[in-house]
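Taking it in order: structure first as structure tokens, then the write-up.
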Amino acid sequence: MAMLGGPRLGPMPMGVDKSITKQKIKPGTVRRIVPFAMRYRWSLAVVLLTTAVSAAITATSPLLLKLIIDDGIMPRREGLVVGLALLIAGLALVDGIAVFTQTWFSGRVGQGVVYDLRCRVFEHVQRQPLAFFTRTQTGSLVSRLNTDVVGAQQAITTLLSQTVSTLLTLVLVLAMMFYLSWQITVAALVMIPLFLLPARLVGRTLQRLTRQGMGLNADMGSMMNERFNVSGAMLAKLYGRPDEEAAGFAGKAAQVRDVAVATSVWGRMLFIITTLITGVTTAMVYGLGGVLAIGGTLQIGTLVAMVTLLLRLYGPINQLSNMQVNLMVALVSFDRVFEVLDLKPLIGERPGARTLPAAAGGTGAGTAPDIEFDGVTFRYPAADEVSLASLELIALPVPERGDNAVVLDDVSFHAPAGKLTALVGPSGAGKTTITNLVPRLYDPASGTVRIGGHDIRDLTLRSLHDTVGIVTQDAHLFHDTIRTNLLYARPDAGEAELVEACDAARIWDVIASLPDGLDTVVGDRGHRLSGGEKQRIALARLLLKSPPIVVLDEATAHLDSESEAAIQRALETALQGRTSLVIAHRLSTILGADQILVLDGGRIRERGTHGDLLTLDGLYADLYRTQFAAQEPNGTAARSRSTTNTLTRIEET
């Protein structure tokens, strides 16, 4: 299918669009985080309460240390020293319990947020149109549900508890310090701006490096996903050059390494700066406090308590500096998650969408609905309509939408209910696009597609998908058992129904011969089965669904004669009494068609039965002679091209 998602993309230097890594956090990101946290308000309340208890113990312990020295050790009061020591030990036990409780409930909140975000993103991604998946790198998309979601969780749990603990500790520690010595406290506060300025610079740099690192990791993950699945591995073995493949991966891994090193260096730089400032400030306090102690203004215990409080003051200040950095980094994760959630699906249900009536959507002859295309024009959506540059990573600037070529141009036809309509034409004529419009994988730019007289845009997607069943040339099977793959079409089907569907698809004998039968694992994308076996299982899945409309997109192409014969027999059952739209690559399909539509250049050039179209001796006749006639036995294609002789050959066949 040509142009499935717009113009082909070319690579960017270094593999990343520079505009992606220089994005800033969108306004309102923090406000959007609140609803996710408020779902766990009671657990958060416990986290905040235990955090407050721990902060209070942290701030008051140095005061007990002062009392031990000044009121216990200096006056030689052993009982007071023992009592205060036991109190400190008891507070340490309480602090340990508080920290454990905080960690427990913080974990519950964090994993709950991860669960909510993952489910929300997964559900939203599934509603995206097919064009979204044709452009998106799988590794980049998976990264949003893993790395980014976990990073977003950090913003709610770790940072939230740290912020509360840090602020409470700062307030209580400053209160204790002013109580003990206002002179030393003022001198210590003068140094605080020296902590905050480096944090701002480092935070911005780390934010940019984090976004770039996430993109590079996703790009590397995409390469591994593409090379490690069965199809990719086979292609690499048949066409790949191992040395160049290894070099390509090494280049991506090197970019990840370099960004990680830069991130580590910048993160460590903040620690080095704050440690240096803390050391200088501590020396200043010892000097000033020592002078005051010598002069009798300050007691020894008070000086020790002040130094301890100072370390507990700059500890939270260091944490605030780091939290500013960590918060900016975590917000990048949230921003990337919201970026996906804000991508509005092109295909959606209209308000008041109705279910396709049972009379139009039932199964069996006489109840299958007809299909109508009325002036349908279609072009594949542009990149900015269906995807994100950060999910493509190698996207070039999006071309003007007017440059997107028209794939279908004013196409109108009627596929009668319960009849077989075949689509033929050269590659790129628009056949697959028509089959994609019927189940509404895309919407036309203009015109209307109707099923049973109903505009499919007015129907619920569930009822539409229940009505239409599709088998493509490369039928996809999940890496699971045959049973699970079949039940995907109808989860409530019983054992007898599974066997009946497999028997009708001419695949039951093969399944029954397997040691595990229906519980045989088919492998990644069904690669443990032959192409014909995969197709027949896909047909069994279709029969189990039993839709009134069947769409076959090259379902028998590229199969060996034995597999084709088995599938053709299965198709006789699958198409009986159903409205069928089939892309024809086999002579038997066009001979049995009630109507043949000949497409070329996005338009229907001819229509009619096989005999009618041969009589015209136009495009169809040319296609027939080059594509289909060779399939006739005994070389009869070489005989006269006249309509009479052709019909005679059909009768002889």
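By order of appearance in the structure tokens: chains A, B, ..., then residues from 1 within every chain, and ligands from 1 in the order shown.
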Report as a count of residues only all protein, DNA and RNA residues lying within 8 Å of Gly267 in chain A, evaluated on only C-alpha atoms, omitting residues in the same chain fewer than 4 positions from it.
4
Close residues, range 444-450 of chain A itself excluded, 7 Å, only C-alpha atoms, min 3 positions apart in chain, as a list in words
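Here the qualifying residues turn out to be Ile371, Glu372, Phe373, Asp374, Gly375, Val376, Thr377, Phe378, Arg379, Gly453, His454, Asp455 and Ile456 of chain A.
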Keeping only N, CA and C atoms, write those residues as a tab-separated table (two decimals), in the first residue's frame.
chain	number	residue	atom	x	y	z
A	371	ILE	N	-22.52	-2.35	0.61
A	371	ILE	CA	-21.49	-1.33	0.81
A	371	ILE	C	-21.61	-0.32	-0.33
A	372	GLU	N	-21.53	0.94	0.03
A	372	GLU	CA	-21.63	1.98	-1.00
A	372	GLU	C	-20.56	3.04	-0.78
A	373	PHE	N	-19.84	3.35	-1.84
A	373	PHE	CA	-18.90	4.47	-1.86
A	373	PHE	C	-19.54	5.56	-2.72
A	374	ASP	N	-19.68	6.74	-2.14
A	374	ASP	CA	-20.35	7.84	-2.84
A	374	ASP	C	-19.41	9.04	-2.95
A	375	GLY	N	-18.76	9.19	-4.10
A	375	GLY	CA	-17.88	10.33	-4.36
A	375	GLY	C	-16.73	10.43	-3.40
A	376	VAL	N	-16.10	9.32	-3.09
A	376	VAL	CA	-15.05	9.29	-2.07
A	376	VAL	C	-13.71	9.75	-2.65
A	377	THR	N	-13.14	10.75	-2.01
A	377	THR	CA	-11.78	11.22	-2.32
A	377	THR	C	-10.95	11.05	-1.06
A	378	PHE	N	-9.72	10.60	-1.21
A	378	PHE	CA	-8.90	10.30	-0.03
A	378	PHE	C	-7.44	10.61	-0.30
A	379	ARG	N	-6.80	11.19	0.70
A	379	ARG	CA	-5.34	11.32	0.72
A	379	ARG	C	-4.90	10.99	2.14
A	453	GLY	N	-26.81	1.35	4.07
A	453	GLY	CA	-27.46	2.65	3.95
A	453	GLY	C	-27.08	3.64	5.02
A	454	HIS	N	-26.19	3.28	5.94
A	454	HIS	CA	-25.80	4.15	7.05
A	454	HIS	C	-24.39	4.68	6.83
A	455	ASP	N	-24.22	5.98	6.96
A	455	ASP	CA	-22.88	6.58	6.92
A	455	ASP	C	-22.08	5.98	8.07
A	456	ILE	N	-20.93	5.37	7.75
A	456	ILE	CA	-20.19	4.68	8.81
A	456	ILE	C	-19.65	5.64	9.86
Got a sec: who's within 10 Å of Arg440 in chain A, counting only C-alpha atoms, leaving out chain neighbours fewer than 4 positions off, as a PyMOL selection string?
chain A and resi 129-130+347-348+434-436+444+449+456-457+461+464-465+468
With only C-alpha atoms as the basis for distance, which of A:Ala584, A:Pro426, A:Leu145, A:Asp509 is at the shortest distance from Glu123 in chain A?
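Closest residue, counting only C-alpha atoms: A:Leu145.
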Can you work out the spacing between CA of Leu552 in chain A and CA of Ala422 in chain A in Å, to one decimal?
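Result for CA of Leu552 in chain A versus CA of Ala422 in chain A: 9.5 Å, one decimal.
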Residue nearest Gly112 in chain A - candidates A:Arg41, A:Arg204, A:His585, A:Lys419, atoms counted: only C-alpha atoms:
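Ranked by minimum distance to Gly112 in chain A, first place goes to A:Arg41.
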Please give the complete set of residues from range 390-513 of chain A that DSSP, run on the backbone, assigns to strand (DSSP E), formatted as a PyMOL selection string.
chain A and resi 408-415+420-424+446-451+454-455+468-472
Taking 4 positions as the minimum chain separation for residues in the same chain, which residues sit within 9 Å of Asp466 in chain A when counting only C-alpha atoms? Answer as a PDB file with N, CA and C atoms, in the first residue's frame.
ATOM      1  N   GLY A 361     -26.595  -5.673  10.176  1.00  0.00           N
ATOM      2  CA  GLY A 361     -25.342  -6.228  10.671  1.00  0.00           C
ATOM      3  C   GLY A 361     -25.413  -7.681  11.037  1.00  0.00           C
ATOM      4  N   LEU A 461     -17.943   2.562  16.631  1.00  0.00           N
ATOM      5  CA  LEU A 461     -16.828   1.796  16.089  1.00  0.00           C
ATOM      6  C   LEU A 461     -16.952   0.316  16.446  1.00  0.00           C
ATOM      7  N   ARG A 462     -17.501   0.034  17.623  1.00  0.00           N
ATOM      8  CA  ARG A 462     -17.647  -1.371  18.031  1.00  0.00           C
ATOM      9  C   ARG A 462     -18.593  -2.118  17.094  1.00  0.00           C
ATOM     10  N   LYS A 545     -15.567 -15.238  14.146  1.00  0.00           N
ATOM     11  CA  LYS A 545     -16.217 -13.940  14.309  1.00  0.00           C
ATOM     12  C   LYS A 545     -17.530 -13.884  13.553  1.00  0.00           C
ATOM     13  N   SER A 546     -17.590 -14.535  12.398  1.00  0.00           N
ATOM     14  CA  SER A 546     -18.784 -14.643  11.554  1.00  0.00           C
ATOM     15  C   SER A 546     -19.376 -13.274  11.218  1.00  0.00           C
ATOM     16  N   PRO A 547     -18.597 -12.400  10.577  1.00  0.00           N
ATOM     17  CA  PRO A 547     -19.102 -11.070  10.234  1.00  0.00           C
ATOM     18  C   PRO A 547     -19.936 -11.117   8.954  1.00  0.00           C
ATOM     19  N   PRO A 548     -20.909 -10.251   8.810  1.00  0.00           N
ATOM     20  CA  PRO A 548     -21.703 -10.219   7.574  1.00  0.00           C
ATOM     21  C   PRO A 548     -20.954  -9.627   6.388  1.00  0.00           C
TER      22      PRO A 548
END
Just want the 12 Å neighbourhood of Val82 in chain A, counted on only C-alpha atoms, with same-chain residues fewer than 5 positions away dropped. Output as a PDB file with C-alpha atoms, in the first residue's frame.
ATOM      1  CA  LEU A  64      18.706  17.265  73.202  1.00  0.00           C
ATOM      2  CA  LEU A  65      22.419  17.021  72.372  1.00  0.00           C
ATOM      3  CA  LEU A  67      21.093  19.554  77.005  1.00  0.00           C
ATOM      4  CA  ILE A  68      23.235  16.429  77.408  1.00  0.00           C
ATOM      5  CA  ILE A  69      26.437  18.484  77.182  1.00  0.00           C
ATOM      6  CA  ASP A  71      23.028  20.339  81.588  1.00  0.00           C
ATOM      7  CA  GLY A  72      24.267  16.778  81.977  1.00  0.00           C
ATOM      8  CA  ILE A  73      27.960  16.268  81.165  1.00  0.00           C
ATOM      9  CA  ARG A  76      28.213  15.726  85.993  1.00  0.00           C
ATOM     10  CA  ARG A  77      24.520  14.727  86.255  1.00  0.00           C
ATOM     11  CA  LEU A  87      15.004   9.759  74.818  1.00  0.00           C
ATOM     12  CA  ILE A  88      17.219  10.247  71.760  1.00  0.00           C
ATOM     13  CA  ALA A  89      17.191   6.478  71.181  1.00  0.00           C
TER      14      ALA A  89
END
Selected residue, from A:Ala37, A:Leu167, A:Ile549, A:Leu619, that lies nearest to Leu117 in chain A when counting only C-alpha atoms
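Looking only at the distances to Leu117 in chain A, the closest residue turns out to be A:Ala37.
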Which value, in Å to one decimal, gives the distance between CA of Asp219 in chain A and CA of Lys252 in chain A?
7.6 Å
Contact residues around Asp553 in chain A with only C-alpha atoms at 9 Å, ignoring same-chain residues under 5 positions, as JSON, numbers by chain
{"A": [431, 432, 435, 470, 471, 472, 473, 581, 582, 583, 584]}
So how far away is CA of Ala85 in chain A from CA of Ala293 in chain A, in Å?
24.4 Å
